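protein10.txt follows (compact mmCIF, C-alpha atoms and all ligand atoms):
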```txt
# COMPACT_ATOMS: atom_id res chain seq x y z
CA MET E 95 0.00 0.00 0.00
CA ASP E 96 1.27 3.50 -0.83
CA GLN E 97 2.80 5.23 2.17
CA TYR E 98 2.57 8.93 3.09
CA ARG E 99 3.65 10.81 6.20
CA VAL E 100 3.54 14.18 7.87
CA PHE E 101 6.90 15.25 9.28
CA GLY E 102 7.23 17.80 12.07
CA ASN E 103 8.31 18.60 15.61
CA PRO E 104 6.07 18.60 17.57
CA ILE E 105 3.73 16.26 15.69
CA LYS E 106 1.53 14.60 18.30
CA HIS E 107 -1.42 16.93 17.72
CA SER E 108 -1.27 16.84 13.92
CA ARG E 109 -4.67 16.20 12.40
CA SER E 110 -3.21 15.32 9.00
CA PRO E 111 -3.31 11.50 9.46
CA TYR E 112 -7.01 11.68 10.35
CA ILE E 113 -7.76 14.01 7.44
CA HIS E 114 -5.89 12.00 4.80
CA GLN E 115 -7.23 8.64 5.95
CA ALA E 116 -10.73 10.13 5.74
CA PHE E 117 -10.02 11.45 2.22
CA ALA E 118 -8.71 8.02 1.20
CA LYS E 119 -11.85 6.31 2.47
CA GLU E 120 -14.11 8.80 0.78
CA THR E 121 -12.37 8.57 -2.61
CA GLY E 122 -11.72 4.80 -2.45
CA GLN E 123 -7.93 5.26 -2.57
CA GLU E 124 -5.72 2.67 -0.89
CA LEU E 125 -3.05 4.42 1.12
CA ASN E 126 -1.54 4.65 4.54
CA TYR E 127 -0.75 8.00 6.16
CA GLN E 128 1.16 8.32 9.44
CA SER E 129 2.81 11.08 11.40
CA GLN E 130 6.53 11.09 12.14
CA LEU E 131 8.31 13.07 14.82
CA VAL E 132 11.57 14.37 13.37
CA GLU E 133 14.49 15.38 15.60
CA LEU E 134 15.54 18.94 14.88
CA ASP E 135 18.79 17.91 13.17
CA ALA E 136 17.42 14.88 11.33
CA PHE E 137 14.98 16.26 8.75
CA GLU E 138 17.01 15.58 5.60
CA GLN E 139 18.00 12.10 6.70
CA ASP E 140 14.47 11.12 7.72
CA ILE E 141 12.98 12.31 4.43
CA LYS E 142 15.59 10.48 2.36
CA THR E 143 15.16 7.30 4.38
CA PHE E 144 11.40 7.41 3.85
CA ALA E 145 11.73 8.11 0.12
CA GLN E 146 14.30 5.30 -0.33
CA ALA E 147 11.99 2.91 1.50
CA GLY E 148 9.35 3.57 -1.18
CA GLY E 149 7.34 6.38 0.45
CA LYS E 150 5.24 8.22 -2.11
CA GLY E 151 4.96 11.62 -0.50
CA GLY E 152 4.62 13.66 2.61
CA ASN E 153 3.49 16.81 4.29
CA VAL E 154 5.90 19.02 6.16
CA THR E 155 5.00 21.14 9.12
CA VAL E 156 6.66 23.34 11.70
CA PRO E 157 9.62 23.90 11.83
CA PHE E 158 10.81 22.17 8.66
CA LYS E 159 9.02 23.89 5.76
CA GLU E 160 12.05 26.00 4.78
CA GLN E 161 14.40 23.02 5.03
CA ALA E 162 12.00 21.07 2.84
CA LEU E 163 12.33 23.68 0.12
CA ALA E 164 16.11 23.36 0.18
CA LEU E 165 15.89 19.59 -0.09
CA CYS E 166 13.74 19.51 -3.24
CA ASP E 167 15.03 18.84 -6.75
CA GLN E 168 12.11 20.84 -8.18
CA VAL E 169 9.67 23.27 -6.55
CA SER E 170 6.51 25.02 -7.75
CA LYS E 171 6.50 28.80 -8.26
CA ARG E 172 4.19 29.32 -5.29
CA ALA E 173 6.47 27.26 -3.03
CA ALA E 174 9.50 29.22 -4.23
CA LEU E 175 7.82 32.52 -3.37
CA ALA E 176 6.62 31.21 -0.02
CA GLY E 177 10.18 30.08 0.68
CA ALA E 178 8.53 27.00 2.11
CA VAL E 179 7.28 23.58 1.05
CA ASN E 180 4.43 21.74 2.76
CA THR E 181 3.91 18.97 0.20
CA LEU E 182 6.58 16.55 -0.99
CA SER E 183 6.22 13.98 -3.78
CA PHE E 184 8.82 11.32 -4.40
CA ARG E 185 8.93 10.40 -8.09
CA ASP E 186 11.62 8.69 -10.17
CA GLY E 187 14.27 9.33 -7.55
CA GLN E 188 13.42 13.03 -7.41
CA ILE E 189 11.90 15.11 -4.62
CA LEU E 190 9.22 17.53 -5.85
CA GLY E 191 7.97 20.31 -3.58
CA ASP E 192 4.82 22.38 -3.55
CA ASN E 193 3.01 24.66 -1.13
CA THR E 194 -0.76 24.21 -0.84
CA ASP E 195 -1.32 26.59 2.10
CA GLY E 196 -2.26 29.57 -0.05
CA ILE E 197 -4.66 27.72 -2.30
CA GLY E 198 -6.14 26.18 0.85
CA LEU E 199 -6.84 29.64 2.24
CA VAL E 200 -8.36 30.85 -1.03
CA LYS E 201 -10.58 27.75 -1.28
CA ASP E 202 -11.79 28.17 2.28
CA LEU E 203 -12.60 31.85 1.73
CA LEU E 204 -14.49 30.99 -1.46
CA ASP E 205 -16.33 28.15 0.36
CA HIS E 206 -17.48 30.82 2.82
CA LYS E 207 -18.75 32.86 -0.15
CA VAL E 208 -16.18 35.58 0.41
CA THR E 209 -15.63 37.66 -2.73
CA LEU E 210 -11.94 38.10 -3.50
CA THR E 211 -12.11 39.31 -7.09
CA GLY E 212 -12.16 43.10 -7.08
CA SER E 213 -11.78 43.21 -3.29
CA ARG E 214 -9.43 45.26 -1.16
CA ILE E 215 -7.57 42.80 1.05
CA LEU E 216 -5.39 43.44 4.09
CA LEU E 217 -2.89 40.68 4.90
CA ILE E 218 -1.44 41.09 8.39
CA GLY E 219 1.99 39.51 8.86
CA ALA E 220 5.01 38.88 6.66
CA GLY E 221 6.38 35.58 7.98
CA GLY E 222 6.18 32.16 6.38
CA ALA E 223 2.40 31.91 6.67
CA ALA E 224 1.84 35.26 4.94
CA LYS E 225 4.36 34.62 2.17
CA GLY E 226 2.63 31.37 1.32
CA VAL E 227 -0.67 33.06 0.49
CA VAL E 228 0.39 36.15 -1.49
CA LEU E 229 0.46 34.62 -4.99
CA PRO E 230 -2.73 32.56 -4.61
CA LEU E 231 -4.53 35.70 -3.35
CA LEU E 232 -3.26 37.79 -6.29
CA GLU E 233 -4.46 35.06 -8.65
CA GLN E 234 -8.00 35.87 -7.48
CA ALA E 235 -7.68 39.33 -9.08
CA PRO E 236 -8.25 41.53 -6.03
CA GLN E 237 -8.35 45.29 -6.53
CA GLN E 238 -5.63 45.72 -3.93
CA LEU E 239 -3.57 43.59 -1.54
CA VAL E 240 -1.90 45.44 1.33
CA ILE E 241 0.62 43.64 3.54
CA ALA E 242 1.03 45.17 7.01
CA ASN E 243 3.67 43.85 9.37
CA ARG E 244 5.09 44.81 12.78
CA THR E 245 8.52 44.76 11.11
CA LEU E 246 7.88 46.77 7.97
CA SER E 247 11.07 45.68 6.17
CA LYS E 248 9.80 42.09 5.96
CA ALA E 249 6.62 43.24 4.21
CA GLU E 250 8.69 45.43 1.89
CA GLN E 251 10.80 42.43 0.96
CA ILE E 252 7.73 40.48 -0.17
CA CYS E 253 6.49 43.45 -2.22
CA GLN E 254 9.85 43.76 -3.94
CA GLN E 255 10.05 40.07 -4.64
CA VAL E 256 6.55 39.80 -6.11
CA SER E 257 6.50 43.21 -7.82
CA ASP E 258 2.82 43.53 -8.70
CA ASN E 259 1.12 46.92 -8.94
CA ARG E 260 -1.85 45.72 -6.87
CA LEU E 261 0.47 44.84 -4.01
CA THR E 262 1.62 47.39 -1.45
CA CYS E 263 2.82 47.37 2.16
CA CYS E 264 2.62 49.55 5.24
CA THR E 265 2.99 49.67 9.01
CA PHE E 266 0.11 48.64 11.29
CA GLU E 267 -0.63 52.31 11.99
CA ARG E 268 -0.86 53.28 8.32
CA THR E 269 -3.53 50.67 7.60
CA LYS E 270 -5.82 53.57 8.57
CA ASP E 271 -5.09 55.08 5.15
CA TYR E 272 -7.04 52.32 3.37
CA ASP E 273 -10.50 50.77 3.25
CA PHE E 274 -10.70 46.98 3.27
CA ASP E 275 -13.31 44.37 2.38
CA VAL E 276 -11.36 41.37 3.69
CA ILE E 277 -8.75 41.22 6.48
CA ILE E 278 -6.58 38.13 6.96
CA ASN E 279 -4.45 37.61 10.05
CA ALA E 280 -1.35 35.63 9.07
CA THR E 281 0.67 36.52 12.17
CA SER E 282 1.40 33.96 14.83
CA ALA E 283 0.13 36.41 17.48
CA SER E 284 -3.06 34.44 18.20
CA LEU E 285 -0.95 31.45 19.21
CA ASP E 286 0.40 33.50 22.14
CA GLY E 287 -2.99 35.02 22.93
CA ARG E 288 -1.85 38.36 21.48
CA LEU E 289 -3.21 40.79 18.92
CA PRO E 290 -1.43 42.54 16.05
CA ALA E 291 -1.69 46.27 16.82
CA ILE E 292 -4.04 47.19 13.98
CA PRO E 293 -6.13 50.31 14.78
CA GLU E 294 -9.67 49.33 15.71
CA THR E 295 -11.14 51.78 13.20
CA VAL E 296 -9.66 49.72 10.36
CA ILE E 297 -11.83 46.75 11.35
CA ALA E 298 -15.15 48.56 11.76
CA GLY E 299 -17.41 47.83 8.81
CA VAL E 300 -15.10 45.24 7.22
CA GLY E 301 -17.00 42.38 5.61
CA VAL E 302 -14.78 39.49 6.67
CA CYS E 303 -11.95 38.95 9.16
CA TYR E 304 -10.07 35.66 8.82
CA ASP E 305 -7.54 34.20 11.24
CA MET E 306 -5.28 31.46 9.85
CA VAL E 307 -5.06 30.06 13.37
CA TYR E 308 -7.92 28.01 14.84
CA ALA E 309 -8.81 26.79 18.30
CA LYS E 310 -11.75 25.44 20.24
CA GLU E 311 -12.72 28.98 21.19
CA LEU E 312 -12.75 31.93 18.81
CA THR E 313 -9.16 33.23 18.52
CA PRO E 314 -8.25 36.52 20.28
CA PHE E 315 -8.04 38.26 16.89
CA LEU E 316 -11.51 37.13 15.87
CA VAL E 317 -13.03 38.04 19.25
CA TRP E 318 -11.52 41.49 18.90
CA ALA E 319 -12.57 41.83 15.23
CA LYS E 320 -16.16 40.94 16.09
CA GLN E 321 -16.23 43.51 18.88
CA ALA E 322 -14.70 46.09 16.57
CA GLY E 323 -17.52 45.61 14.05
CA ALA E 324 -16.45 43.00 11.49
CA SER E 325 -19.56 41.49 9.86
CA LYS E 326 -18.18 37.96 9.63
CA VAL E 327 -15.27 36.16 11.30
CA ILE E 328 -13.73 32.86 10.15
CA ASP E 329 -10.95 30.77 11.67
CA GLY E 330 -8.33 28.67 9.87
CA LEU E 331 -9.73 25.16 10.38
CA GLY E 332 -11.19 25.13 6.87
CA MET E 333 -7.81 26.20 5.48
CA LEU E 334 -6.17 23.25 7.20
CA VAL E 335 -8.58 20.82 5.54
CA ALA E 336 -8.47 22.56 2.15
CA GLN E 337 -4.66 22.58 1.98
CA ALA E 338 -4.71 18.87 2.82
CA ALA E 339 -7.20 18.25 0.00
CA GLU E 340 -4.85 20.01 -2.43
CA SER E 341 -1.93 17.83 -1.29
CA PHE E 342 -4.09 14.72 -1.68
CA ASN E 343 -4.95 15.81 -5.21
CA ILE E 344 -1.28 16.35 -6.09
CA TRP E 345 -0.45 12.81 -4.94
CA ARG E 346 -3.51 10.89 -6.07
CA GLY E 347 -5.02 12.96 -8.91
CA VAL E 348 -8.37 13.00 -7.10
CA MET E 349 -9.84 15.99 -5.28
CA PRO E 350 -11.65 14.85 -2.11
CA SER E 351 -14.59 16.77 -0.74
CA THR E 352 -13.88 18.52 2.52
CA ASP E 353 -17.28 19.11 4.16
CA GLU E 354 -17.60 15.96 6.23
CA VAL E 355 -14.01 15.98 7.49
CA LEU E 356 -14.34 19.62 8.44
CA CYS E 357 -17.56 18.99 10.38
CA GLN E 358 -15.93 16.11 12.24
CA LEU E 359 -12.82 18.13 13.11
CA ARG E 360 -14.96 21.03 14.30
CA ALA E 361 -16.96 18.66 16.49
CA ASP E 362 -13.75 17.16 17.87
CA LEU E 363 -12.56 20.61 18.95
CA ASP E 364 -15.58 20.92 21.24
P1 LIG N 401 4.84 31.81 10.55
O1 LIG N 401 5.53 30.69 9.81
O2 LIG N 401 3.75 31.35 11.48
O3 LIG N 401 4.40 32.91 9.63
P2 LIG N 401 7.06 33.46 11.30
O4 LIG N 401 7.67 33.29 9.96
O5 LIG N 401 7.92 33.43 12.50
O6 LIG N 401 5.94 32.38 11.56
O7 LIG N 401 6.26 34.86 11.26
C1 LIG N 401 5.48 35.31 12.34
C2 LIG N 401 4.70 36.53 11.90
O8 LIG N 401 3.83 36.91 12.99
C3 LIG N 401 5.55 37.74 11.60
O9 LIG N 401 4.90 38.53 10.64
C4 LIG N 401 5.59 38.45 12.97
O10 LIG N 401 5.89 39.83 12.91
P3 LIG N 401 7.43 40.32 12.81
O11 LIG N 401 7.87 40.05 11.42
O12 LIG N 401 7.38 41.76 13.15
O13 LIG N 401 8.17 39.49 13.84
C5 LIG N 401 4.17 38.25 13.38
N1 LIG N 401 3.91 38.37 14.83
C6 LIG N 401 4.18 37.47 15.80
N2 LIG N 401 3.76 37.92 17.01
C7 LIG N 401 3.22 39.13 16.79
C8 LIG N 401 2.61 40.10 17.64
N3 LIG N 401 2.47 39.91 18.96
N4 LIG N 401 2.16 41.25 17.08
C9 LIG N 401 2.29 41.45 15.75
N5 LIG N 401 2.86 40.58 14.89
C10 LIG N 401 3.32 39.42 15.41
```

Starting from the coordinates I provided, produce the structure as structure tokens.
Amino acid sequence: MDQYRVFGNPIKHSRSPYIHQAFAKETGQELNYQSQLVELDAFEQDIKTFAQAGGKGGNVTVPFKEQALALCDQVSKRAALAGAVNTLSFRDGQILGDNTDGIGLVKDLLDHKVTLTGSRILLIGAGGAAKGVVLPLLEQAPQQLVIANRTLSKAEQICQQVSDNRLTCCTFERTKDYDFDVIINATSASLDGRLPAIPETVIAGVGVCYDMVYAKELTPFLVWAKQAGASKVIDGLGMLVAQAAESFNIWRGVMPSTDEVLCQLRADLD
């Protein structure tokens, strides 16, 4: 049976094995998907050992996504821009890398009937998570995509690298100079129970606020956004499932449906 794994550290709480086994069942694909804890200095060795043993592919999670990029013989454009790989395929002795995080976010937003085409989007953060979603968001033809980051130079770097006239960057404070339809929090602030220091007035009246993080309770960013007047708030659980579906499709050539898995995961959070 074809073998797949998710590699990370920590890995115990990864939901990927559950998600991929559910996709396999739903689509009638025969495969086995396990998680593997990788010691911090053993990523390259562990991946090569798995590939040599006949593994077909894998997902990569924190903190190895950048190392995964370096290990690949070929990477997709979106993975190159993200500077990170979350999906590995082992084919003909080669390691192919892709990044499905951005398309996962876009899919989840579209599943929630969020209009991206023609919209003014604020992306908060300029780390790995933000970089991974810039190209897939631009592919949706927004009117404008503004990247705001605590450290402005990191946002400027992305703008220079992508060089698209719809893309601009600013400090948190200067987000006041724009109007937004959609705001996406790609910082890791929610993980520490913190908020990016976006002025509250920027949120008031915004159609949708999205946090890439998810938890049992609404994340601090989404609680704050709701209070500040956002019409709709969405967490990142759907993105997790959608990026997994994209990986599954890359490996198996079949796109699984995500609804049932998402419902089950949501119920399991409670
Ligand atoms: P990830 O892979 O999750 O994106 P990362 O590459 O370390 O992790 O990036 C973390 C992002 O969250 C950065 O944009 C970081 O801002 P800086 O570039 O200024 O460090 C942002 N971030 C983390 N904690 C934050 C906080 N409390 N307030 C605002 N931004 C925060």

Would you list the residues near (6.6, 19.1, 9.0), meaning any protein, DNA or RNA residue with an atom at most 8 Å from that point in file coordinates, counting only C-alpha atoms, as a PDB file with C-alpha atoms, in the frame of the given file?
```
ATOM      1  CA  VAL E 100       3.540  14.180   7.870  1.00  0.00           C
ATOM      2  CA  PHE E 101       6.900  15.250   9.280  1.00  0.00           C
ATOM      3  CA  GLY E 102       7.230  17.800  12.070  1.00  0.00           C
ATOM      4  CA  ASN E 103       8.310  18.600  15.610  1.00  0.00           C
ATOM      5  CA  ILE E 105       3.730  16.260  15.690  1.00  0.00           C
ATOM      6  CA  ASN E 153       3.490  16.810   4.290  1.00  0.00           C
ATOM      7  CA  VAL E 154       5.900  19.020   6.160  1.00  0.00           C
ATOM      8  CA  THR E 155       5.000  21.140   9.120  1.00  0.00           C
ATOM      9  CA  VAL E 156       6.660  23.340  11.700  1.00  0.00           C
ATOM     10  CA  PRO E 157       9.620  23.900  11.830  1.00  0.00           C
ATOM     11  CA  PHE E 158      10.810  22.170   8.660  1.00  0.00           C
ATOM     12  CA  LYS E 159       9.020  23.890   5.760  1.00  0.00           C
ATOM     13  CA  ASN E 180       4.430  21.740   2.760  1.00  0.00           C
TER      14      ASN E 180
END
```

By how many Å are atom CA of Lys248 of chain E and atom CA of Ala220 of chain E apart? 5.8 Å

Wanna dump the segment 206-239 of chain E-segment 253-262 of chain E contacts at 8 Å for me, each residue with its shortest atom pair and the distance in Å to one decimal, counting only C-alpha atoms, ordered by chain and number, as JSON lines?
```
{"residue": "E:Pro236", "atom": "CA", "partner": "E:Arg260", "partner_atom": "CA", "distance": 7.7}
{"residue": "E:Gln237", "atom": "CA", "partner": "E:Arg260", "partner_atom": "CA", "distance": 6.5}
{"residue": "E:Gln238", "atom": "CA", "partner": "E:Arg260", "partner_atom": "CA", "distance": 4.8}
{"residue": "E:Leu239", "atom": "CA", "partner": "E:Leu261", "partner_atom": "CA", "distance": 4.9}
```

Save the residues we just selected, C-alpha atoms, as a short mmCIF file (atom, residue, chain, number, x, y, z; two decimals), in the coordinates of the input?
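Here's the written file again-v3.cif:
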```
data_model
loop_
_atom_site.label_atom_id
_atom_site.label_comp_id
_atom_site.auth_asym_id
_atom_site.auth_seq_id
_atom_site.Cartn_x
_atom_site.Cartn_y
_atom_site.Cartn_z
CA PRO E 236 -8.25 41.53 -6.03
CA GLN E 237 -8.35 45.29 -6.53
CA GLN E 238 -5.63 45.72 -3.93
CA LEU E 239 -3.57 43.59 -1.54
#
```

Cut-off 9 Å, all atoms listed in the file, neighbours of ligand LIG 401 (chain N) as a ChimeraX atom specification: /E:156-157,159,218-226,242-249,266,279-292

Give me, as an mmCIF file with C-alpha atoms, in the coordinates of the input, all polymer residues having an atom no more than 9 Å from Glu124 of chain E, counting only C-alpha atoms and skipping those fewer than 3 positions away in the same chain.
```cif
data_model
loop_
_atom_site.group_PDB
_atom_site.id
_atom_site.type_symbol
_atom_site.label_atom_id
_atom_site.label_comp_id
_atom_site.auth_asym_id
_atom_site.auth_seq_id
_atom_site.Cartn_x
_atom_site.Cartn_y
_atom_site.Cartn_z
ATOM 1 C CA MET E 95 0.000 0.000 0.000
ATOM 2 C CA ASP E 96 1.270 3.500 -0.830
ATOM 3 C CA ALA E 118 -8.710 8.020 1.200
ATOM 4 C CA LYS E 119 -11.850 6.310 2.470
#
```

Neighbourhood query: residues within 9 Å of (1.3, 8.5, -2.3), file coordinates, counting only C-alpha atoms; return as a ChimeraX atom specification. /E:95-98,125-127,149-152,183-184,342,345-346

Residues within 10 Å of Gly196 of chain E, all atoms listed in the file, excluding chain neighbours under 2 positions, as an NGL selection string: :E and (172-173 or 176 or 193-194 or 198-202 or 223-231 or 333 or 336-337)

Distance atom CA of Leu232 of chain E-atom CA of Leu210 of chain E, one decimal place? 9.1 Å

Excluding same-chain residues fewer than 4 positions from Val300 of chain E, what lies within 8 Å of it counting all atoms listed in the file, as a list in words? Phe274, Asp275, Val276, Ile277, Val296, Gly323, Ala324 and Ser325 of chain E

Would you list the contacts of segment 320-322 of chain E as a list of chain:residue names, taking every protein, DNA or RNA residue within 8 Å and counting all atoms listed in the file, but skipping same-chain residues closer than 6 positions in sequence?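 Using all atoms listed in the file, the neighbours found are E:Glu294, E:Thr295, E:Ile297, E:Ala298.
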
Keeping only C-alpha atoms, write the selected residues as an mmCIF file, in the coordinates of the input.
```cif
data_model
loop_
_atom_site.group_PDB
_atom_site.id
_atom_site.type_symbol
_atom_site.label_atom_id
_atom_site.label_comp_id
_atom_site.auth_asym_id
_atom_site.auth_seq_id
_atom_site.Cartn_x
_atom_site.Cartn_y
_atom_site.Cartn_z
ATOM 1 C CA GLU E 294 -9.670 49.330 15.710
ATOM 2 C CA THR E 295 -11.140 51.780 13.200
ATOM 3 C CA ILE E 297 -11.830 46.750 11.350
ATOM 4 C CA ALA E 298 -15.150 48.560 11.760
#
```

Interatomic distance between atom CA of Ala162 of chain E and atom CA of Gln130 of chain E? 14.7 Å

Residue contacts of Ile278 of chain E (10 Å, all atoms listed in the file) excluding same-chain residues fewer than 5 positions away, as a VMD selection string: chain E and resid 199 215 to 219 224 241 302 to 306 327 to 329

Closest of E:Ser170, E:Leu182, E:Glu120, E:Pro111 to Phe144 of chain E, counting only C-alpha atoms, is E:Leu182

Centre, x/y/z edge lengths, axis-aligned box for segment 167-186 of chain E with 4 Å per side, as AutoDock Vina command-line options:
```
--center_x 9.5 --center_y 20.6 --center_z -3.7 --size_x 19.1 --size_y 31.8 --size_z 20.9
```
